[in-house]
file run27.cif (mmCIF, C-alpha atoms)
data_input
#
loop_
_atom_site.label_atom_id
_atom_site.label_comp_id
_atom_site.auth_asym_id
_atom_site.auth_seq_id
_atom_site.Cartn_x
_atom_site.Cartn_y
_atom_site.Cartn_z
CA MET A 1156 0.00 0.00 0.00
CA LYS A 1157 1.30 3.45 -0.85
CA ALA A 1158 1.81 5.76 2.11
CA SER A 1159 -0.19 8.45 0.35
CA SER A 1160 -3.29 6.26 0.21
CA ASN A 1161 -3.82 6.14 3.96
CA ILE A 1162 -3.61 9.53 5.62
CA ILE A 1163 -4.48 8.50 9.14
CA LEU A 1164 -2.02 5.62 9.41
CA THR A 1165 0.75 7.64 7.81
CA ILE A 1166 0.32 10.53 10.25
CA PHE A 1167 0.70 8.00 13.05
CA VAL A 1168 3.79 6.45 11.48
CA PHE A 1169 5.23 9.91 10.84
CA THR A 1170 4.90 10.81 14.51
CA ILE A 1171 5.84 7.60 16.33
CA ILE A 1172 8.21 5.65 14.08
CA SER A 1173 11.39 7.02 12.52
CA CYS A 1174 12.46 5.75 9.12
CA ASP A 1175 15.47 3.45 9.13
CA SER A 1176 18.71 5.31 9.63
CA LYS A 1177 21.99 4.50 7.92
CA LYS A 1178 23.91 6.04 10.81
CA GLU A 1179 25.68 3.80 13.29
CA THR A 1180 23.78 5.01 16.32
CA GLY A 1181 24.03 3.50 19.79
CA LEU A 1182 27.66 2.51 19.18
CA VAL A 1183 30.81 2.93 21.23
CA GLN A 1184 34.08 3.21 19.30
CA GLY A 1185 32.31 1.58 16.34
CA THR A 1186 32.41 -1.89 17.91
CA HIS A 1187 29.92 -2.20 20.78
CA GLN A 1188 26.21 -1.70 20.68
CA TYR A 1189 23.72 -1.21 23.47
CA LYS A 1190 20.50 -3.13 23.98
CA GLU A 1191 17.26 -1.79 22.55
CA LYS A 1192 14.23 -3.73 23.75
CA LYS A 1193 11.29 -4.51 21.49
CA LEU A 1194 8.08 -2.76 22.56
CA SER A 1195 4.53 -3.45 21.43
CA PHE A 1196 4.62 -0.41 19.12
CA PHE A 1197 8.34 -0.33 18.30
CA ASP A 1198 10.60 -3.09 16.97
CA PRO A 1199 14.22 -1.91 16.60
CA ASN A 1200 15.03 -4.86 14.34
CA GLU A 1201 12.27 -4.13 11.86
CA THR A 1202 12.70 -2.35 8.56
CA ILE A 1203 9.57 -0.26 8.10
CA PHE A 1204 10.52 1.95 5.17
CA ARG A 1205 12.09 0.77 1.94
CA ASP A 1206 11.83 1.59 -1.75
CA GLY A 1207 9.77 4.69 -1.04
CA LYS A 1208 7.01 3.03 0.98
CA TYR A 1209 6.12 1.92 4.49
CA GLN A 1210 6.05 -1.80 5.13
CA GLY A 1211 6.48 -4.48 7.79
CA TYR A 1212 4.39 -5.86 10.63
CA SER A 1213 4.20 -2.64 12.70
CA TYR A 1214 2.75 -0.64 9.82
CA GLU A 1215 0.85 -3.31 7.90
CA LYS A 1216 -0.59 -5.34 10.79
CA TRP A 1217 -0.21 -3.91 14.31
CA LEU A 1218 -1.15 -0.31 13.54
CA ARG A 1219 -4.27 -1.34 11.61
CA LYS A 1220 -5.97 -3.08 14.51
CA PRO A 1221 -8.83 -0.87 15.77
CA GLN A 1222 -7.73 -0.96 19.41
CA ASN A 1223 -4.18 0.04 18.49
CA LEU A 1224 -5.34 2.84 16.21
CA ARG A 1225 -7.50 4.21 19.01
CA MET A 1226 -4.70 3.89 21.59
CA VAL A 1227 -2.17 5.69 19.41
CA HIS A 1228 -4.69 8.40 18.51
CA GLU A 1229 -5.64 9.08 22.14
CA THR A 1230 -1.96 9.18 23.10
CA LEU A 1231 -1.16 11.64 20.31
CA LYS A 1232 -4.11 13.78 21.36
CA LYS A 1233 -2.60 14.01 24.84
CA VAL A 1234 0.80 14.91 23.38
CA GLY A 1235 -0.81 17.39 21.00
CA TYR A 1236 -1.02 16.84 17.25
CA ASP A 1237 -0.33 20.54 16.70
CA LYS A 1238 3.03 20.21 18.45
CA LEU A 1239 4.04 17.25 16.29
CA ILE A 1240 3.21 18.67 12.86
CA ASP A 1241 3.46 22.43 13.41
CA ASP A 1242 6.03 22.76 10.61
CA TYR A 1243 3.54 21.63 7.95
CA ASP A 1244 1.02 23.68 6.02
CA LEU A 1245 -1.99 21.37 6.01
CA THR A 1246 -3.82 23.38 3.36
CA SER A 1247 -0.99 23.35 0.83
CA ASN A 1248 -1.38 21.59 -2.50
CA PRO A 1249 0.36 19.24 -2.78
CA ASN A 1250 0.55 18.41 0.90
CA LEU A 1251 3.83 16.72 1.79
CA LEU A 1252 3.00 15.45 5.29
CA TRP A 1253 2.23 11.90 4.17
CA GLY A 1254 3.88 11.90 0.76
CA TYR A 1255 3.38 13.72 -2.53
CA VAL A 1256 -0.42 13.90 -2.65
CA ASN A 1257 -1.92 16.32 -5.14
CA ARG A 1258 -4.67 17.60 -2.85
CA PRO A 1259 -4.73 19.67 0.37
CA LEU A 1260 -5.25 17.78 3.63
CA ASN A 1261 -8.38 19.73 4.58
CA GLU A 1262 -10.09 18.82 1.30
CA THR A 1263 -9.05 15.19 1.61
CA ILE A 1264 -10.38 14.85 5.16
CA ASP A 1265 -13.67 16.56 4.24
CA SER A 1266 -14.10 14.22 1.28
CA LEU A 1267 -13.37 11.16 3.42
CA LEU A 1268 -16.08 12.18 5.87
CA ILE A 1269 -18.58 12.84 3.08
CA THR A 1270 -17.94 9.54 1.27
CA TYR A 1271 -17.89 7.28 4.35
CA ASP A 1272 -21.59 6.33 4.21
CA LEU A 1273 -22.06 6.51 0.45
CA LYS A 1274 -22.98 3.26 -1.28
CA ASP A 1275 -21.58 4.35 -4.63
CA ILE A 1276 -18.42 6.47 -4.43
CA GLU A 1277 -17.50 8.04 -7.75
CA SER A 1278 -13.92 8.92 -6.85
CA LYS A 1279 -11.56 5.95 -7.12
CA TYR A 1280 -9.30 7.37 -4.39
CA TYR A 1281 -12.01 7.50 -1.71
CA ARG A 1282 -13.77 4.36 -2.91
CA GLU A 1283 -10.57 2.34 -2.54
CA PHE A 1284 -9.67 4.04 0.75
CA TRP A 1285 -12.89 2.96 2.47
CA ALA A 1286 -12.82 -0.46 0.79
CA ARG A 1287 -9.40 -1.09 2.34
CA ARG A 1288 -10.55 0.07 5.75
CA LYS A 1289 -13.52 -2.30 5.52
CA SER A 1290 -11.30 -5.24 4.57
CA GLU A 1291 -8.95 -4.43 7.46
CA GLY A 1292 -11.85 -4.27 9.92
CA ASN A 1293 -11.07 -0.72 11.07
CA LYS A 1294 -13.45 1.35 8.94
CA LYS A 1295 -15.55 2.66 11.84
CA VAL A 1296 -12.64 3.65 14.07
CA VAL A 1297 -10.81 5.33 11.17
CA PHE A 1298 -13.96 7.35 10.44
CA GLU A 1299 -14.24 8.39 14.10
CA ILE A 1300 -10.57 9.37 14.19
CA THR A 1301 -10.93 11.27 10.92
CA LYS A 1302 -13.78 13.32 12.41
CA GLU A 1303 -11.62 14.23 15.38
CA LEU A 1304 -8.63 15.06 13.17
CA SER A 1305 -10.89 17.39 11.20
CA LYS A 1306 -11.74 19.24 14.41
CA LEU A 1307 -8.16 19.27 15.69
CA LEU A 1308 -6.13 19.96 12.55
CA ILE A 1309 -8.52 21.78 10.23
CA LYS A 1310 -11.00 23.62 12.45
CA GLY A 1311 -8.69 24.18 15.41
CA GLN A 1312 -11.26 22.88 17.88
CA PRO A 1313 -10.21 21.17 21.13
CA VAL A 1314 -10.95 17.46 21.53
CA LYS A 1315 -10.46 15.80 24.92
CA TYR A 1316 -8.36 12.67 25.08
CA ASP A 1317 -9.52 9.50 26.81
CA GLY A 1318 -7.05 8.92 29.64
CA ASN A 1319 -8.03 5.27 29.88
CA MET A 1320 -6.85 4.72 26.30
CA VAL A 1321 -3.54 6.59 26.58
CA ASN A 1322 -0.40 4.44 26.52
CA ASP A 1323 1.87 6.01 29.14
CA THR A 1324 5.02 4.44 27.72
CA LEU A 1325 4.31 5.76 24.23
CA TYR A 1326 3.40 9.17 25.66
CA ASN A 1327 6.67 9.48 27.61
CA LEU A 1328 8.75 8.30 24.66
CA ILE A 1329 7.16 10.80 22.27
CA LYS A 1330 7.74 13.62 24.76
CA ILE A 1331 11.43 12.70 24.97
CA LYS A 1332 11.79 12.20 21.23
CA GLU A 1333 10.11 15.48 20.33
CA ARG A 1334 11.91 17.82 22.73
CA ASN A 1335 12.84 21.01 20.89
CA SER A 1336 14.84 22.79 23.59
CA THR A 1337 17.48 21.90 26.16
CA PRO A 1338 15.81 20.31 29.20
CA SER A 1339 16.77 20.98 32.80
CA MET A 1340 19.34 18.73 34.45
CA ASP A 1341 16.60 16.99 36.45
CA GLN A 1342 14.47 16.44 33.35
CA ALA A 1343 17.42 15.14 31.34
CA LYS A 1344 18.32 12.66 34.08
CA TRP A 1345 14.68 11.54 34.29
CA ASP A 1346 14.60 10.99 30.54
CA PHE A 1347 17.82 8.95 30.65
CA ASP A 1348 16.63 6.85 33.59
CA TYR A 1349 13.27 6.25 31.91
CA LEU A 1350 14.81 4.99 28.68
CA LYS A 1351 17.10 2.71 30.67
CA SER A 1352 14.24 1.42 32.86
CA ILE A 1353 12.20 0.21 29.87
CA GLY A 1354 15.17 -1.42 28.16
CA LEU A 1355 16.04 1.21 25.54
CA HIS A 1356 19.74 1.35 26.37
CA GLY A 1357 20.77 2.27 22.82
CA SER A 1358 18.43 5.24 22.94
CA ALA A 1359 19.79 6.21 26.37
CA TYR A 1360 23.29 6.16 24.87
CA ASN A 1361 22.19 8.44 22.04
CA LEU A 1362 20.63 10.80 24.58
CA LEU A 1363 24.01 11.05 26.32
CA PHE A 1364 26.26 11.42 23.29
CA GLU A 1365 24.30 11.95 20.07
CA ASN A 1366 21.39 14.31 20.75
CA TYR A 1367 21.46 18.01 19.93
CA PHE A 1368 19.25 19.27 22.75
CA TYR A 1369 21.04 17.20 25.42
CA GLN A 1370 24.62 17.96 24.38
CA ASP A 1371 25.01 20.86 26.82
CA ILE A 1372 23.76 18.95 29.87
CA SER A 1373 26.47 18.86 32.56
CA TRP A 1374 26.19 15.23 33.54
CA ASP A 1375 28.84 12.59 34.16
CA LYS A 1376 28.53 10.75 30.86
CA GLN A 1377 31.04 8.04 31.68
CA GLU A 1378 29.34 7.21 34.97
CA LEU A 1379 25.94 6.99 33.28
CA LEU A 1380 27.43 5.03 30.39
CA ASN A 1381 28.51 2.34 32.85
CA GLU A 1382 24.84 1.81 33.75
CA LEU A 1383 23.94 0.71 30.22
CA GLU A 1384 23.90 -2.89 29.01
CA LEU A 1385 25.77 -3.97 25.91
CA ASP A 1386 24.14 -6.12 23.25
CA SER A 1387 26.67 -8.40 21.60
CA ILE A 1388 24.15 -10.54 19.71
CA ASN A 1389 21.64 -8.49 17.74
CA HIS A 1390 22.50 -5.71 15.35
CA ARG A 1391 19.70 -3.16 15.73
CA SER A 1392 18.79 -1.16 12.67
CA ARG A 1393 16.91 1.56 14.56
CA PHE A 1394 16.73 3.27 17.94
CA TRP A 1395 13.83 5.22 19.37
CA ILE A 1396 16.20 8.14 20.02
CA GLU A 1397 18.32 8.53 16.89
CA ASP A 1398 21.61 10.36 16.40
CA ASP A 1399 20.55 13.85 15.29
CA THR A 1400 23.93 15.57 15.60
CA LYS A 1401 25.45 14.60 12.24
#

call {"tool": "encode", "arguments": {"input": "run27.cif", "output": "structure tokens"}}
result
Amino acid sequence: MKASSNIILTIFVFTIISCDSKKETGLVQGTHQYKEKKLSFFDPNETIFRDGKYQGYSYEKWLRKPQNLRMVHETLKKVGYDKLIDDYDLTSNPNLLWGYVNRPLNETIDSLLITYDLKDIESKYYREFWARRKSEGNKKVVFEITKELSKLLIKGQPVKYDGNMVNDTLYNLIKIKERNSTPSMDQAKWDFDYLKSIGLHGSAYNLLFENYFYQDISWDKQELLNELELDSINHRSRFWIEDDTK
């Protein structure tokens, strides 16, 4: 499936999963690598973007389950969609948020809402979109999410998140990943300890040595480095916190 054919899923992928990096992140002296645990929504060993399209279990299977779509959506609502995509003009044509799509996002979302209940959909784009959602078993939840995205992204209306559906781990990881200013010493140490506590030692390493907004933190890097566990077996292709300094 082309990324441009599924707006909702691609927005989620854009915000929670980084494309594979060719950088050697999470490495020490080019020889040792730190452990990066697999989470329900993040598999460091998985290739999810290749040949210009998203692929793999996380994108093609896990993210399409209604309960997972709802969980991710509620979590992103708590984080704030506007904070995650504030660099994008959602009314531009073409809109580049989810790929080169020759239509503005506001028009696309409006058309999706209009065509949801139609028996005969003239436009091939929207007809195939809803046919795929039906075959995946997530048509209703995608429609409900689309309505809320219309309010949030297009109309600028507030929509409350459901705290019972928020994934706290995902929420904390997005907050760390999307920091856009240097945190306090206490916050930086909390972020490091949190990554370590959930098994993302490679990401914790990158926070110490390979992250732009953490590079001026006055912490004892060598002492903290000694707290991380090496992984001598698996070669991870991705880390939640990537090297953004090169």

call {"tool": "closest_residue", "arguments": {"input": "run27.cif", "among": "A:Arg1287, A:Leu1304, A:Arg1393, A:Tyr1316", "to": "A:Asp1237", "atoms": "all atoms listed in the file"}}
result
A:Leu1304

call {"tool": "resolve_selection", "arguments": {"input": "run27.cif", "expression": "the PyMOL selection byres ((chain A and resi 1345-1361) around 10)", "output": "PyMOL selection string"}}
result
chain A and resi 1180-1183+1188-1194+1199+1324+1327-1328+1330-1332+1338-1344+1362-1367+1369+1376+1379-1380+1382-1386+1391+1393-1400

call {"tool": "atom_distance", "arguments": {"input": "run27.cif", "atom1": "atom CA of A:Glu1215", "atom2": "atom CA of A:Val1227"}}
result
14.9 Å

call {"tool": "atom_distance", "arguments": {"input": "run27.cif", "atom1": "atom CA of A:Leu1245", "atom2": "atom CA of A:Asn1319"}}
result
29.4 Å

call {"tool": "atom_distance", "arguments": {"input": "run27.cif", "atom1": "atom CA of A:Gly1235", "atom2": "atom CA of A:Leu1325"}}
result
13.1 Å

call {"tool": "closest_residue", "arguments": {"input": "run27.cif", "among": "A:Arg1258, A:Lys1279, A:Lys1233, A:Lys1274", "to": "A:Pro1313", "atoms": "only C-alpha atoms"}}
result
A:Lys1233

call {"tool": "residues_around", "arguments": {"input": "run27.cif", "residues": "A:Trp1285", "least_positions_apart": "6", "cutoff": "10 Å", "atoms": "only C-alpha atoms", "output": "PyMOL selection string"}}
result
chain A and resi 1161+1267+1270-1272+1276+1291+1293-1295+1297-1298

call {"tool": "closest_residue", "arguments": {"input": "run27.cif", "among": "A:Ser1336, A:Ile1329, A:Pro1221, A:Asn1322", "to": "A:Arg1288", "atoms": "all atoms listed in the file"}}
result
A:Pro1221

call {"tool": "residues_near_point", "arguments": {"input": "run27.cif", "point": "(-6.1, 15.3, 5.8)", "cutoff": "9 Å", "atoms": "all atoms listed in the file", "output": "JSON, numbers by chain"}}
result
{"A": [1162, 1163, 1245, 1246, 1250, 1259, 1260, 1261, 1262, 1263, 1264, 1265, 1267, 1301, 1304, 1305, 1308, 1309]}

call {"tool": "resolve_selection", "arguments": {"input": "run27.cif", "expression": "the PyMOL selection byres ((chain A and resi 1202) around 10)", "output": "NGL selection string"}}
result
:A and (1174-1176 or 1198-1201 or 1203-1205 or 1209-1213 or 1392-1393)

call {"tool": "residues_around", "arguments": {"input": "run27.cif", "residues": "A:Leu1224", "least_positions_apart": "3", "cutoff": "9 Å", "atoms": "all atoms listed in the file", "output": "ChimeraX atom specification"}}
result
/A:1164,1167,1217-1221,1227-1229,1293,1296-1297,1300

call {"tool": "closest_residue", "arguments": {"input": "run27.cif", "among": "A:Thr1337, A:Glu1299, A:Leu1268, A:Lys1401", "to": "A:Ile1372", "atoms": "all atoms listed in the file"}}
result
A:Thr1337

call {"tool": "axis_aligned_box", "arguments": {"input": "run27.cif", "around": "stretch 1340-1353 of chain A", "padding_each_side": "5 Å", "output": "lines of an AutoDock Vina configuration file"}}
result
center_x = 15.8
center_y = 9.5
center_z = 32.6
size_x = 17.1
size_y = 28.5
size_z = 17.8

call {"tool": "closest_residue", "arguments": {"input": "run27.cif", "among": "A:Gly1207, A:Gly1292, A:Gly1311, A:Gly1318", "to": "A:Tyr1236", "atoms": "all atoms listed in the file"}}
result
A:Gly1311
